[in-house]
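Undergrad: Next up is a structure, given as structure tokens.
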Amino acid sequence: MLHRAAYAELGLADWTYDHFDVDEAALPGFLEGLGPEWAGLSLTMPLKRAVIPLLDSVSETAASVDAVNTVVLTEDGRRTGDNTDIPGIAAALREHGIEKVESAAILGAGATASSALAALARICTGEVTVHVRSAARAAEMRGWAERLGVDVRLADWADAAEALRAPLVVATTPAGATDALAAAVPEMPTTLFDVLYDPWPTALAARWSAHGGAVVSGLDLLLHQAVLQVEQMTGRAPAPLAAMRKAGEHALADR
């Protein structure tokens, strides 16, 4: 809905954006079968990593987390990969007035957490605490921190309630994972970035808002990363942010 709304606003009546189920094994053949009418692709995991060897070039942003969510197909047949999640997170925060923070906390350590860490590398001047459930996840996040040059402290998930007092809290966990933390929201919370958007609000986001804290939603992230995708795929900038936001809100309201 976000991409289609952008095309309509830009007057690209013959452009379409559709969903395709493609697994890792089928990805090479799918790419080879794309004709000159294709402008680009949006990818979800595990294809974000599986696509990298199949590309002609990868941006520094995507390479920093080994994840490509955007492939642009050029007129000369080249496939270029980028990651719009990372600047999308930064743009969503910036829209809510957050350009720099002294410290931050991340809940979770999956693929989205690595993108969040990369985004925080751009705006966080101090330590980032990451609450994880397993030693394996902790090792992965430690590796990302070293690669990104971020000062990270790994903490146990059992102590996740402590994260809620950070100047910026980024929740990257699946639906329901942070529900139990809602009761621990402080009386004067700061800013929560919850990457979920459906169902919305999460129990944590609802309690956070009720206590007067600022909340950035997963729709904000979805919107801003899509804006960057539209600009790259169509060559038109700026993308129509307002029209895309309206379409996203309507789509979620209809669920």
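Lettering and numbering for the structure tokens are positional, with chains as A, B, ... in the shown order, residues counted from 1 in each chain, and ligands counted from 1 in the shown order.
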Considering only C-alpha atoms, return as a compact mmCIF listing (two decimals) with all heavy atoms, in the first residue's frame whatever protein or nucleic-acid residues lie within 10 Å of stretch 128-144 of chain A, sequence-local ones (same chain, fewer than 5 positions apart) excluded.
TA:
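Saved result, around_39.txt, follows:
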# COMPACT_ATOMS: atom_id res chain seq x y z
N SER A 64 27.51 -3.16 6.17
CA SER A 64 27.84 -3.03 7.59
C SER A 64 27.08 -4.02 8.46
O SER A 64 27.53 -4.36 9.56
CB SER A 64 27.56 -1.59 8.06
OG SER A 64 26.17 -1.33 8.12
N VAL A 65 25.92 -4.50 7.98
CA VAL A 65 25.14 -5.47 8.75
C VAL A 65 24.85 -6.74 7.94
O VAL A 65 24.04 -7.57 8.36
CB VAL A 65 23.81 -4.85 9.25
CG1 VAL A 65 24.07 -3.81 10.30
CG2 VAL A 65 23.00 -4.27 8.11
N ASP A 66 25.51 -6.89 6.80
CA ASP A 66 25.29 -8.06 5.94
C ASP A 66 23.81 -8.28 5.67
O ASP A 66 23.31 -9.41 5.74
CB ASP A 66 25.89 -9.31 6.57
CG ASP A 66 27.41 -9.35 6.48
OD1 ASP A 66 27.96 -8.64 5.62
OD2 ASP A 66 28.03 -10.06 7.28
N GLU A 102 22.49 10.37 24.44
CA GLU A 102 23.71 10.06 25.18
C GLU A 102 23.87 8.56 25.40
O GLU A 102 25.00 8.07 25.52
CB GLU A 102 23.68 10.78 26.52
CG GLU A 102 23.75 12.31 26.40
CD GLU A 102 23.75 12.99 27.74
OE1 GLU A 102 23.65 12.28 28.77
OE2 GLU A 102 23.86 14.22 27.78
N SER A 103 22.78 7.83 25.48
CA SER A 103 22.82 6.38 25.64
C SER A 103 21.49 5.81 25.18
O SER A 103 20.52 6.55 24.99
CB SER A 103 23.08 6.00 27.11
OG SER A 103 22.04 6.48 27.95
N ALA A 104 21.45 4.50 25.00
CA ALA A 104 20.23 3.86 24.52
C ALA A 104 20.21 2.40 24.94
O ALA A 104 21.23 1.86 25.39
CB ALA A 104 20.15 3.96 22.99
N ALA A 105 19.04 1.78 24.81
CA ALA A 105 18.89 0.36 25.12
C ALA A 105 18.12 -0.32 24.00
O ALA A 105 17.20 0.26 23.44
CB ALA A 105 18.16 0.18 26.44
N ILE A 106 18.53 -1.53 23.68
CA ILE A 106 17.84 -2.33 22.67
C ILE A 106 17.31 -3.59 23.34
O ILE A 106 18.02 -4.27 24.08
CB ILE A 106 18.79 -2.73 21.52
CG1 ILE A 106 19.29 -1.50 20.77
CG2 ILE A 106 18.10 -3.69 20.55
CD1 ILE A 106 20.30 -1.81 19.67
N LEU A 107 16.04 -3.89 23.08
CA LEU A 107 15.43 -5.11 23.57
C LEU A 107 15.40 -6.11 22.43
O LEU A 107 14.73 -5.87 21.42
CB LEU A 107 14.01 -4.84 24.08
CG LEU A 107 13.88 -3.82 25.22
CD1 LEU A 107 12.42 -3.54 25.52
CD2 LEU A 107 14.59 -4.34 26.48
N GLY A 108 16.14 -7.21 22.56
CA GLY A 108 16.20 -8.20 21.50
C GLY A 108 17.53 -8.15 20.76
O GLY A 108 18.28 -7.17 20.86
N ALA A 109 17.81 -9.24 20.01
CA ALA A 109 19.09 -9.32 19.32
C ALA A 109 18.99 -10.03 17.98
O ALA A 109 19.92 -10.69 17.54
CB ALA A 109 20.11 -10.05 20.22
N GLY A 110 17.86 -9.87 17.31
CA GLY A 110 17.68 -10.48 16.00
C GLY A 110 18.17 -9.58 14.88
O GLY A 110 18.95 -8.66 15.09
N ALA A 111 17.67 -9.84 13.67
CA ALA A 111 18.10 -9.09 12.49
C ALA A 111 17.77 -7.61 12.61
O ALA A 111 18.57 -6.74 12.24
CB ALA A 111 17.46 -9.67 11.24
N ALA A 113 17.52 -5.93 15.32
CA ALA A 113 18.38 -5.34 16.35
C ALA A 113 19.72 -4.90 15.76
O ALA A 113 20.27 -3.87 16.16
CB ALA A 113 18.60 -6.33 17.48
N SER A 114 20.25 -5.66 14.81
CA SER A 114 21.51 -5.27 14.20
C SER A 114 21.35 -3.98 13.40
O SER A 114 22.23 -3.12 13.41
CB SER A 114 22.07 -6.39 13.32
OG SER A 114 21.21 -6.66 12.23
N SER A 115 20.21 -3.83 12.72
CA SER A 115 19.95 -2.58 12.00
C SER A 115 19.76 -1.42 12.97
O SER A 115 20.22 -0.30 12.71
CB SER A 115 18.70 -2.73 11.12
OG SER A 115 18.92 -3.61 10.05
N LEU A 117 21.14 -1.19 15.88
CA LEU A 117 22.47 -0.88 16.40
C LEU A 117 23.25 -0.02 15.40
O LEU A 117 23.94 0.93 15.79
CB LEU A 117 23.22 -2.17 16.70
CG LEU A 117 24.53 -2.03 17.48
CD1 LEU A 117 24.28 -1.44 18.86
CD2 LEU A 117 25.22 -3.39 17.60
N ALA A 118 23.11 -0.36 14.11
CA ALA A 118 23.78 0.43 13.08
C ALA A 118 23.25 1.85 13.03
O ALA A 118 24.00 2.81 12.81
CB ALA A 118 23.62 -0.24 11.72
N LEU A 120 21.90 3.43 15.62
CA LEU A 120 22.35 4.09 16.84
C LEU A 120 23.82 4.48 16.75
O LEU A 120 24.25 5.44 17.40
CB LEU A 120 22.12 3.17 18.04
CG LEU A 120 20.66 2.97 18.45
CD1 LEU A 120 20.55 1.94 19.57
CD2 LEU A 120 20.04 4.29 18.89
N ALA A 121 24.59 3.77 15.93
CA ALA A 121 25.99 4.14 15.73
C ALA A 121 26.10 5.55 15.18
O ALA A 121 27.12 6.23 15.37
CB ALA A 121 26.67 3.14 14.79
N GLY A 149 31.61 -0.27 15.52
CA GLY A 149 32.29 0.70 16.37
C GLY A 149 31.40 1.31 17.43
O GLY A 149 31.54 2.49 17.76
N VAL A 150 30.49 0.49 17.98
CA VAL A 150 29.55 0.97 18.99
C VAL A 150 29.97 0.41 20.35
O VAL A 150 30.32 -0.76 20.48
CB VAL A 150 28.11 0.52 18.67
CG1 VAL A 150 27.14 1.06 19.71
CG2 VAL A 150 27.72 0.99 17.28
N ASP A 151 29.90 1.25 21.37
CA ASP A 151 30.17 0.83 22.74
C ASP A 151 28.94 0.12 23.28
O ASP A 151 27.93 0.75 23.58
CB ASP A 151 30.50 2.06 23.60
CG ASP A 151 30.82 1.69 25.05
OD1 ASP A 151 31.04 0.49 25.33
OD2 ASP A 151 30.84 2.59 25.90
N VAL A 152 29.00 -1.21 23.37
CA VAL A 152 27.84 -2.01 23.75
C VAL A 152 28.07 -2.74 25.07
O VAL A 152 29.15 -3.26 25.32
CB VAL A 152 27.49 -3.04 22.65
CG1 VAL A 152 26.61 -4.16 23.19
CG2 VAL A 152 26.77 -2.35 21.51
N ARG A 153 27.02 -2.77 25.88
CA ARG A 153 27.01 -3.59 27.09
C ARG A 153 25.92 -4.63 26.92
O ARG A 153 24.76 -4.28 26.67
CB ARG A 153 26.74 -2.74 28.34
CG ARG A 153 26.69 -3.57 29.64
CD ARG A 153 26.55 -2.67 30.84
NE ARG A 153 25.22 -2.10 30.94
CZ ARG A 153 24.19 -2.71 31.55
NH1 ARG A 153 24.35 -3.92 32.10
NH2 ARG A 153 23.01 -2.12 31.62
N LEU A 154 26.26 -5.90 27.06
CA LEU A 154 25.29 -6.98 26.93
C LEU A 154 24.67 -7.26 28.30
O LEU A 154 25.38 -7.34 29.30
CB LEU A 154 25.95 -8.25 26.40
CG LEU A 154 26.18 -8.36 24.88
CD1 LEU A 154 24.87 -8.19 24.13
CD2 LEU A 154 27.22 -7.37 24.41
N ALA A 155 23.35 -7.39 28.34
CA ALA A 155 22.64 -7.64 29.59
C ALA A 155 21.63 -8.76 29.39
O ALA A 155 21.15 -9.00 28.27
CB ALA A 155 21.94 -6.37 30.06
N ASP A 156 21.29 -9.44 30.48
CA ASP A 156 20.36 -10.54 30.43
C ASP A 156 18.92 -10.05 30.26
O ASP A 156 18.56 -9.00 30.78
CB ASP A 156 20.46 -11.38 31.71
CG ASP A 156 19.75 -12.71 31.58
OD1 ASP A 156 18.53 -12.76 31.87
OD2 ASP A 156 20.40 -13.70 31.19
N TRP A 157 18.12 -10.85 29.53
CA TRP A 157 16.72 -10.48 29.32
C TRP A 157 15.97 -10.38 30.64
O TRP A 157 15.00 -9.61 30.76
CB TRP A 157 16.04 -11.48 28.40
CG TRP A 157 14.63 -11.11 28.09
CD1 TRP A 157 13.50 -11.59 28.67
CD2 TRP A 157 14.20 -10.11 27.15
NE1 TRP A 157 12.37 -10.97 28.15
CE2 TRP A 157 12.78 -10.07 27.21
CE3 TRP A 157 14.88 -9.27 26.26
CZ2 TRP A 157 12.04 -9.20 26.41
CZ3 TRP A 157 14.13 -8.42 25.46
CH2 TRP A 157 12.73 -8.39 25.54
N ALA A 158 16.39 -11.13 31.64
CA ALA A 158 15.72 -11.10 32.94
C ALA A 158 15.77 -9.71 33.57
O ALA A 158 14.94 -9.37 34.42
CB ALA A 158 16.35 -12.12 33.88
N ASP A 159 16.74 -8.91 33.14
CA ASP A 159 16.88 -7.55 33.67
C ASP A 159 16.39 -6.50 32.69
O ASP A 159 16.76 -5.32 32.79
CB ASP A 159 18.36 -7.28 34.01
CG ASP A 159 18.90 -8.26 35.04
OD1 ASP A 159 18.16 -8.56 36.00
OD2 ASP A 159 20.04 -8.72 34.87
N ALA A 160 15.55 -6.89 31.73
CA ALA A 160 15.12 -5.99 30.67
C ALA A 160 14.36 -4.77 31.19
O ALA A 160 14.35 -3.71 30.55
CB ALA A 160 14.27 -6.73 29.65
N ALA A 161 13.72 -4.89 32.34
CA ALA A 161 12.97 -3.76 32.90
C ALA A 161 13.89 -2.57 33.15
O ALA A 161 13.45 -1.41 33.10
CB ALA A 161 12.27 -4.17 34.20
N GLU A 162 15.17 -2.83 33.40
CA GLU A 162 16.14 -1.75 33.63
C GLU A 162 16.30 -0.89 32.38
O GLU A 162 16.62 0.30 32.47
CB GLU A 162 17.49 -2.33 34.05
CG GLU A 162 17.46 -3.10 35.36
CD GLU A 162 18.80 -3.72 35.68
OE1 GLU A 162 19.75 -3.53 34.87
OE2 GLU A 162 18.91 -4.37 36.74
N ALA A 163 16.10 -1.50 31.21
CA ALA A 163 16.28 -0.78 29.95
C ALA A 163 15.30 0.36 29.80
O ALA A 163 15.56 1.34 29.09
CB ALA A 163 16.14 -1.75 28.78
N ALA A 166 16.30 4.10 30.04
CA ALA A 166 17.27 4.69 29.12
C ALA A 166 16.64 5.88 28.39
O ALA A 166 15.42 5.96 28.23
CB ALA A 166 17.73 3.65 28.11
N LEU A 168 16.60 6.43 25.31
CA LEU A 168 15.93 5.89 24.13
C LEU A 168 15.90 4.38 24.26
O LEU A 168 16.94 3.74 24.47
CB LEU A 168 16.67 6.29 22.85
CG LEU A 168 16.20 5.63 21.55
CD1 LEU A 168 14.76 5.99 21.23
CD2 LEU A 168 17.12 6.01 20.38
N VAL A 169 14.71 3.80 24.13
CA VAL A 169 14.54 2.35 24.19
C VAL A 169 14.04 1.88 22.83
O VAL A 169 13.04 2.39 22.32
CB VAL A 169 13.52 1.94 25.28
CG1 VAL A 169 13.38 0.42 25.34
CG2 VAL A 169 13.93 2.50 26.64
N VAL A 170 14.73 0.90 22.24
CA VAL A 170 14.33 0.35 20.95
C VAL A 170 13.93 -1.11 21.16
O VAL A 170 14.77 -1.95 21.50
CB VAL A 170 15.46 0.44 19.91
CG1 VAL A 170 14.95 -0.05 18.55
CG2 VAL A 170 15.99 1.87 19.81
N ALA A 171 12.65 -1.41 20.98
CA ALA A 171 12.14 -2.77 21.13
C ALA A 171 12.09 -3.44 19.77
O ALA A 171 11.37 -3.00 18.89
CB ALA A 171 10.76 -2.75 21.77
Undergrad: Report as an mmCIF file with N, CA, C and O atoms, in the first residue's frame all protein, DNA and RNA residues lying within 9 Å of A:Ala184, evaluated on only C-alpha atoms, omitting residues in the same chain fewer than 2 positions from it.
TA:
data_model
loop_
_atom_site.group_PDB
_atom_site.id
_atom_site.type_symbol
_atom_site.label_atom_id
_atom_site.label_comp_id
_atom_site.auth_asym_id
_atom_site.auth_seq_id
_atom_site.Cartn_x
_atom_site.Cartn_y
_atom_site.Cartn_z
ATOM 1 N N ALA A 161 13.717 -4.893 32.342
ATOM 2 C CA ALA A 161 12.974 -3.758 32.900
ATOM 3 C C ALA A 161 13.890 -2.568 33.149
ATOM 4 O O ALA A 161 13.454 -1.413 33.097
ATOM 5 N N GLU A 162 15.173 -2.831 33.404
ATOM 6 C CA GLU A 162 16.136 -1.749 33.629
ATOM 7 C C GLU A 162 16.305 -0.890 32.384
ATOM 8 O O GLU A 162 16.617 0.302 32.473
ATOM 9 N N LEU A 164 14.152 0.259 30.462
ATOM 10 C CA LEU A 164 13.077 1.226 30.259
ATOM 11 C C LEU A 164 13.399 2.606 30.809
ATOM 12 O O LEU A 164 12.655 3.554 30.562
ATOM 13 N N ALA A 180 5.105 -8.275 29.157
ATOM 14 C CA ALA A 180 5.321 -8.369 30.599
ATOM 15 C C ALA A 180 6.075 -7.170 31.152
ATOM 16 O O ALA A 180 6.050 -6.921 32.363
ATOM 17 N N LEU A 181 6.729 -6.403 30.281
ATOM 18 C CA LEU A 181 7.500 -5.243 30.733
ATOM 19 C C LEU A 181 6.627 -4.010 30.914
ATOM 20 O O LEU A 181 7.070 -3.018 31.496
ATOM 21 N N ALA A 182 5.399 -4.058 30.425
ATOM 22 C CA ALA A 182 4.534 -2.875 30.483
ATOM 23 C C ALA A 182 4.355 -2.374 31.907
ATOM 24 O O ALA A 182 4.321 -1.161 32.148
ATOM 25 N N PRO A 186 8.482 3.343 33.713
ATOM 26 C CA PRO A 186 8.648 4.349 34.771
ATOM 27 C C PRO A 186 7.597 5.452 34.690
ATOM 28 O O PRO A 186 6.907 5.598 33.680
#
Undergrad: List every residue of stretch 99-159 of chain A that DSSP, applied to the backbone of this structure, assigns to helix (DSSP H, G or I), and report them as a ChimeraX atom specification.
TA: /A:111-123,135-148,157-159
Undergrad: Generate a file of the selected residues that holds C-alpha atoms, formatted as a PDB file, in the first residue's frame.
TA:
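Written out: result-v4.pdb:
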ATOM      1  CA  ALA A 111      18.105  -9.086  12.495  1.00  0.00           C
ATOM      2  CA  THR A 112      16.208  -5.882  13.292  1.00  0.00           C
ATOM      3  CA  ALA A 113      18.379  -5.339  16.349  1.00  0.00           C
ATOM      4  CA  SER A 114      21.512  -5.269  14.202  1.00  0.00           C
ATOM      5  CA  SER A 115      19.946  -2.582  11.996  1.00  0.00           C
ATOM      6  CA  ALA A 116      18.917  -0.651  15.108  1.00  0.00           C
ATOM      7  CA  LEU A 117      22.468  -0.880  16.400  1.00  0.00           C
ATOM      8  CA  ALA A 118      23.784   0.433  13.076  1.00  0.00           C
ATOM      9  CA  ALA A 119      21.347   3.343  13.252  1.00  0.00           C
ATOM     10  CA  LEU A 120      22.349   4.090  16.844  1.00  0.00           C
ATOM     11  CA  ALA A 121      25.988   4.140  15.730  1.00  0.00           C
ATOM     12  CA  ARG A 122      25.034   7.345  13.907  1.00  0.00           C
ATOM     13  CA  ILE A 123      23.191   9.111  16.724  1.00  0.00           C
ATOM     14  CA  ALA A 135      24.698 -16.462  24.980  1.00  0.00           C
ATOM     15  CA  ALA A 136      24.659 -17.071  21.224  1.00  0.00           C
ATOM     16  CA  ARG A 137      22.663 -13.894  20.625  1.00  0.00           C
ATOM     17  CA  ALA A 138      24.982 -11.994  22.944  1.00  0.00           C
ATOM     18  CA  ALA A 139      27.991 -13.129  20.932  1.00  0.00           C
ATOM     19  CA  GLU A 140      26.327 -12.031  17.693  1.00  0.00           C
ATOM     20  CA  MET A 141      25.550  -8.575  19.050  1.00  0.00           C
ATOM     21  CA  ARG A 142      29.056  -8.232  20.424  1.00  0.00           C
ATOM     22  CA  GLY A 143      30.373  -8.977  16.946  1.00  0.00           C
ATOM     23  CA  TRP A 144      28.077  -6.388  15.360  1.00  0.00           C
ATOM     24  CA  ALA A 145      29.129  -3.812  17.957  1.00  0.00           C
ATOM     25  CA  GLU A 146      32.809  -4.320  17.185  1.00  0.00           C
ATOM     26  CA  ARG A 147      32.133  -4.125  13.476  1.00  0.00           C
ATOM     27  CA  LEU A 148      30.053  -0.950  13.794  1.00  0.00           C
ATOM     28  CA  TRP A 157      16.722 -10.481  29.324  1.00  0.00           C
ATOM     29  CA  ALA A 158      15.716 -11.104  32.941  1.00  0.00           C
ATOM     30  CA  ASP A 159      16.879  -7.549  33.668  1.00  0.00           C
TER      31      ASP A 159
END
Undergrad: So how far away is atom CA of A:Glu9 from atom CA of A:Leu93, in Å?
TA: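 Separation between atom CA of A:Leu93 and atom CA of A:Glu9: 24.8 Å.
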Undergrad: Counting only C-alpha atoms, which of A:Val195, A:Leu241, A:Leu10, A:Leu27 gets nearest to A:Leu221?
TA: A:Val195
Undergrad: Show me, as a ChimeraX atom specification, the residues that have an atom within 9 Å of stretch 251-255 of chain A when counting only C-alpha atoms, minus same-chain residues fewer than 6 positions from it.
TA: /A:1,197-200
Undergrad: Using only C-alpha atoms, which residue out of A:Glu99, A:Val230, A:Phe30, A:Val71 lies closest to A:Ala8?
TA: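 When distances to A:Ala8 are compared using only C-alpha atoms, the smallest one comes from A:Val230.
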Undergrad: Which of these, A:Tyr17, A:Trp208, A:Phe193, A:Tyr7, has the shortest distance to A:Gly235 once you count only C-alpha atoms?
TA: A:Tyr7
